[in-house]
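Everything on this sheet refers to the single structure shown next.
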Amino acid sequence: MIDHVRDLDSVREATERLLSAAAALDNAAVAEASRLPGWTRGHVLAHIARNADALVNVLQGRPMYADAGTRDADIERDATRPLDAQLADVRETGERFQAVGAEPTDWQRTVELRNGVTDQAARVPFRRWVEVALHHVDLGIGYELEDLPEEFVLREIDFLADRWSGRPDVPPVTLRLGYEENSPSWHTGGDKGDPIVLGGTRAELLGWLSGRGDKGAHLAVLEGDHLPELPPL
């Protein structure tokens, strides 16, 4: 059962962790490249803030973004701000998200996200946790996939394995936590092609599924002849 209250607490902790780490930067570092192609650290921080606004819209029954162009333009507009403005924006929008999350509401209702994607309202706090935690890694300031909380990593592996399931451009893949047949495992991909079994740590599995870190380069191919390359998220 989804515990949105606990997830809201986790979002708060993740946001504070990110803000504390980013406070050690300076304006020059904010303008440097992040780990996301084409984005500076300023782009990442701006996106984190604008995502909080977008998820407030979702919880309040409005479109997540006016349109894709507006989303991208807002990030570009805010990316070049100095560090203090970036941190204040992330903090203020994060607090706004927490305030809306604390309001009485029907957490079992269906809400609409981007591109017609729908989900249960109770899952929105976890989606926000994903944005904060993974983009903290994307800043490239010393917080790595290996540092993410175990609960978060396992839940995000569950989510991404489901997201890639049924995709005809992804072969049938079994992801094994470890290397033994009785290890915890997930299944993803489509039903065409030769089955592949990959084994590794939580961070390595998440890296492959999310296109981060070494993108699964250190995963062991236990069955099959190659490490599949996933399309962009």
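In the structure tokens, chains take letters A, B, ... by order of appearance, with residues numbered from 1 within each chain and ligands from 1 in the order shown.
Proximity to Asp191 in chain A at 8 Å, evaluated using only C-alpha atoms and with sequence-adjacent residues fewer than 5 positions away removed, yields A:Gly166, A:Pro168, A:Pro171, A:Pro172.
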* Write out as a PyMOL selection string which residues come within 12 Å of Ile196 in chain A when counting only C-alpha atoms, dropping same-chain ones fewer than 2 positions away. => chain A and resi 170-176+186-194+198-199+219-228
Cut-off 10 Å: closest range 43-103 of chain A/range 28-37 of chain A atom pairs per residue, using only C-alpha atoms, as a Markdown table:
```
| residue | atom | partner | partner_atom | distance |
| --- | --- | --- | --- | --- |
| A:His43 | CA | A:Ser34 | CA | 8.3 |
| A:Val44 | CA | A:Ser34 | CA | 7.4 |
| A:Leu45 | CA | A:Val30 | CA | 8.7 |
| A:Ala79 | CA | A:Ala31 | CA | 8.2 |
| A:Thr80 | CA | A:Ala31 | CA | 6.9 |
| A:Arg81 | CA | A:Val30 | CA | 8.6 |
| A:Pro82 | CA | A:Val30 | CA | 7.5 |
| A:Leu83 | CA | A:Val30 | CA | 6.5 |
| A:Gln86 | CA | A:Val30 | CA | 9.0 |
```
* Rank A:Val124, A:Asp3, A:Ala21, A:Thr40 by their smallest atom-to-atom distance to Asn57 in chain A, using only C-alpha atoms, and report the top residue only. => A:Val124
* **Exercise: Val58 in chain A partners within 8 Å, only C-alpha atoms, chain neighbours under 6 positions left out, as a ChimeraX atom specification** => /A:64,111-113
* Apply DSSP to the backbone of this structure and, from range 139-218 of chain A, keep only the residues in strand (DSSP E); write these as a PyMOL selection string. => chain A and resi 173-177+185-188+196-200
Now that the selection is made, can you save its residues with N, CA, C and O atoms as a compact mmCIF listing (two decimals), in the first residue's frame?
```
# COMPACT_ATOMS: atom_id res chain seq x y z
N VAL A 173 14.18 -9.10 -20.60
CA VAL A 173 15.32 -9.02 -19.69
C VAL A 173 14.88 -9.38 -18.28
O VAL A 173 13.84 -8.90 -17.81
N THR A 174 15.67 -10.21 -17.61
CA THR A 174 15.51 -10.45 -16.18
C THR A 174 16.66 -9.74 -15.47
O THR A 174 17.82 -9.92 -15.82
N LEU A 175 16.30 -8.93 -14.51
CA LEU A 175 17.29 -8.21 -13.71
C LEU A 175 17.41 -8.91 -12.36
O LEU A 175 16.40 -9.07 -11.65
N ARG A 176 18.61 -9.30 -12.01
CA ARG A 176 18.81 -10.08 -10.79
C ARG A 176 19.66 -9.28 -9.81
O ARG A 176 20.74 -8.79 -10.17
N LEU A 177 19.15 -9.12 -8.60
CA LEU A 177 19.91 -8.45 -7.56
C LEU A 177 20.93 -9.44 -7.01
O LEU A 177 20.62 -10.26 -6.16
N SER A 185 14.52 -10.63 -8.17
CA SER A 185 14.65 -10.30 -9.59
C SER A 185 13.44 -9.53 -10.10
O SER A 185 12.38 -9.53 -9.48
N TRP A 186 13.63 -8.89 -11.23
CA TRP A 186 12.58 -8.14 -11.92
C TRP A 186 12.61 -8.54 -13.39
O TRP A 186 13.68 -8.86 -13.94
N HIS A 187 11.46 -8.46 -14.04
CA HIS A 187 11.39 -8.75 -15.48
C HIS A 187 10.94 -7.49 -16.21
O HIS A 187 10.08 -6.75 -15.74
N THR A 188 11.54 -7.26 -17.34
CA THR A 188 11.20 -6.07 -18.12
C THR A 188 11.40 -6.36 -19.60
O THR A 188 11.83 -7.45 -19.99
N ILE A 196 17.55 -12.33 -21.90
CA ILE A 196 18.81 -11.89 -21.32
C ILE A 196 18.63 -11.80 -19.81
O ILE A 196 17.60 -11.35 -19.33
N VAL A 197 19.63 -12.25 -19.06
CA VAL A 197 19.62 -12.14 -17.60
C VAL A 197 20.82 -11.30 -17.20
O VAL A 197 21.96 -11.60 -17.55
N LEU A 198 20.56 -10.23 -16.45
CA LEU A 198 21.61 -9.34 -15.96
C LEU A 198 21.66 -9.40 -14.44
O LEU A 198 20.61 -9.42 -13.78
N GLY A 199 22.85 -9.41 -13.89
CA GLY A 199 23.00 -9.44 -12.44
C GLY A 199 23.91 -8.33 -11.97
O GLY A 199 24.87 -7.96 -12.65
N GLY A 200 23.58 -7.77 -10.80
CA GLY A 200 24.44 -6.73 -10.26
C GLY A 200 23.88 -6.16 -8.98
O GLY A 200 22.93 -6.68 -8.39
```
* **Every residue of range 18-124 of chain A that DSSP places in helix (DSSP H, G or I), as number ranges by chain** => A: 18-22, 27-30, 41-59, 68-78, 83-101, 114-116, 121-124
Please produce, as a tab-separated table, a per-residue contact table for range 100-197 of chain A versus range 14-19 of chain A (criterion: any atom at most 7 Å away, only C-alpha atoms considered), showing the nearest atom pair and its distance in Å to one decimal, sorted by chain then residue number.
```
residue	atom	partner	partner_atom	distance
A:Val132	CA	A:Thr15	CA	6.3
A:Ala133	CA	A:Ala14	CA	6.2
A:His136	CA	A:Leu18	CA	6.0
```
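Counting only C-alpha atoms, the residue from A:Leu205, A:Leu160, A:Leu8, A:Ala54 that sits nearest to Pro184 in chain A is A:Leu205.
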* To do: Identify, on the basis of only C-alpha atoms, every residue whose closest approach to Gln98 in chain A does not exceed 12 Å; exclude the query and any residue fewer than 3 positions from it along the same chain; express the result as a VMD selection string.
  => chain A and resid 4 to 13 15 52 to 53 55 to 56 59 91 to 95 101 to 103 124 to 125 128 to 129
Output N, CA, C and O atoms for every residue in the selection just made, as a short mmCIF file (atom, residue, chain, number, x, y, z; two decimals), in the first residue's frame.
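As a result, result_5.cif now contains:
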```
data_model
loop_
_atom_site.label_atom_id
_atom_site.label_comp_id
_atom_site.auth_asym_id
_atom_site.auth_seq_id
_atom_site.Cartn_x
_atom_site.Cartn_y
_atom_site.Cartn_z
N HIS A 4 1.58 7.86 1.23
CA HIS A 4 1.97 9.17 0.71
C HIS A 4 2.54 10.07 1.80
O HIS A 4 3.39 10.91 1.51
N VAL A 5 2.10 9.90 3.04
CA VAL A 5 2.62 10.73 4.12
C VAL A 5 4.10 10.43 4.35
O VAL A 5 4.93 11.35 4.48
N ARG A 6 4.43 9.16 4.38
CA ARG A 6 5.84 8.77 4.54
C ARG A 6 6.66 9.24 3.35
O ARG A 6 7.80 9.69 3.50
N ASP A 7 6.09 9.15 2.16
CA ASP A 7 6.81 9.61 0.98
C ASP A 7 7.04 11.12 1.01
O ASP A 7 8.09 11.61 0.60
N LEU A 8 6.06 11.87 1.51
CA LEU A 8 6.25 13.32 1.65
C LEU A 8 7.40 13.62 2.60
O LEU A 8 8.20 14.54 2.36
N ASP A 9 7.52 12.85 3.68
CA ASP A 9 8.65 13.02 4.59
C ASP A 9 9.97 12.72 3.88
O ASP A 9 10.97 13.41 4.08
N SER A 10 9.97 11.68 3.06
CA SER A 10 11.18 11.33 2.32
C SER A 10 11.55 12.41 1.32
O SER A 10 12.74 12.69 1.10
N VAL A 11 10.55 13.01 0.69
CA VAL A 11 10.80 14.13 -0.23
C VAL A 11 11.45 15.29 0.52
O VAL A 11 12.41 15.90 0.05
N ARG A 12 10.92 15.59 1.71
CA ARG A 12 11.47 16.70 2.50
C ARG A 12 12.94 16.43 2.83
O ARG A 12 13.79 17.32 2.69
N GLU A 13 13.23 15.21 3.26
CA GLU A 13 14.62 14.86 3.61
C GLU A 13 15.53 14.94 2.38
O GLU A 13 16.65 15.45 2.47
N THR A 15 15.10 16.76 -0.28
CA THR A 15 15.26 18.16 -0.68
C THR A 15 16.28 18.86 0.21
O THR A 15 17.14 19.61 -0.28
N ALA A 52 8.37 20.93 -9.07
CA ALA A 52 7.53 21.06 -7.87
C ALA A 52 6.26 21.83 -8.21
O ALA A 52 5.15 21.43 -7.81
N ASP A 53 6.40 22.93 -8.94
CA ASP A 53 5.21 23.68 -9.37
C ASP A 53 4.28 22.81 -10.20
O ASP A 53 3.05 22.85 -10.05
N LEU A 55 3.92 19.55 -10.19
CA LEU A 55 3.22 18.52 -9.42
C LEU A 55 2.18 19.13 -8.48
O LEU A 55 1.19 18.47 -8.15
N VAL A 56 2.38 20.37 -8.07
CA VAL A 56 1.30 21.09 -7.37
C VAL A 56 0.10 21.23 -8.30
O VAL A 56 -1.05 21.01 -7.90
N LEU A 59 -1.74 17.91 -8.40
CA LEU A 59 -2.53 17.63 -7.20
C LEU A 59 -3.75 18.53 -7.10
O LEU A 59 -4.75 18.16 -6.48
N ARG A 91 13.87 25.66 -2.57
CA ARG A 91 13.30 25.57 -1.22
C ARG A 91 11.84 26.01 -1.20
O ARG A 91 10.98 25.32 -0.65
N GLU A 92 11.54 27.17 -1.79
CA GLU A 92 10.18 27.70 -1.74
C GLU A 92 9.18 26.81 -2.48
O GLU A 92 8.07 26.58 -1.99
N THR A 93 9.56 26.33 -3.64
CA THR A 93 8.64 25.46 -4.38
C THR A 93 8.49 24.11 -3.69
O THR A 93 7.41 23.51 -3.72
N GLY A 94 9.58 23.64 -3.06
CA GLY A 94 9.48 22.40 -2.29
C GLY A 94 8.53 22.54 -1.12
O GLY A 94 7.75 21.63 -0.82
N GLU A 95 8.60 23.69 -0.44
CA GLU A 95 7.68 23.93 0.68
C GLU A 95 6.24 24.03 0.21
O GLU A 95 5.32 23.56 0.88
N GLY A 101 0.56 18.92 -0.34
CA GLY A 101 0.48 17.51 0.02
C GLY A 101 -0.14 17.27 1.38
O GLY A 101 -0.65 16.17 1.65
N ALA A 102 -0.11 18.28 2.24
CA ALA A 102 -0.69 18.14 3.59
C ALA A 102 -2.18 18.46 3.61
O ALA A 102 -2.84 18.22 4.63
N GLU A 103 -2.72 18.99 2.52
CA GLU A 103 -4.14 19.33 2.49
C GLU A 103 -5.01 18.07 2.38
O GLU A 103 -4.62 17.10 1.72
N VAL A 124 2.08 10.47 -6.38
CA VAL A 124 2.74 11.72 -6.76
C VAL A 124 3.90 12.07 -5.83
O VAL A 124 4.97 12.49 -6.30
N PRO A 125 3.77 11.93 -4.50
CA PRO A 125 4.94 12.21 -3.66
C PRO A 125 6.15 11.35 -4.01
O PRO A 125 7.29 11.85 -3.98
N ARG A 128 7.80 12.80 -6.99
CA ARG A 128 8.59 13.96 -6.62
C ARG A 128 9.91 13.53 -5.98
O ARG A 128 10.97 14.12 -6.25
N TRP A 129 9.88 12.52 -5.16
CA TRP A 129 11.10 11.99 -4.54
C TRP A 129 12.08 11.55 -5.64
O TRP A 129 13.27 11.81 -5.57
#
```
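Each of A:Asp72, A:Asp78, A:Glu156, A:Glu229 was checked against Leu134 in chain A using only C-alpha atoms; the smallest atom-to-atom distance is that of A:Glu156.
Picture a line from CA of Glu204 in chain A to CA of Ile157 in chain A; it runs 10.4 Å.
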* Structure fact -> re CA of Gly116 in chain A and CA of Gly213 in chain A: distance 29.1 Å
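Relative to CA of Arg163 in chain A, CA of Ala122 in chain A is found at 18.0 Å.
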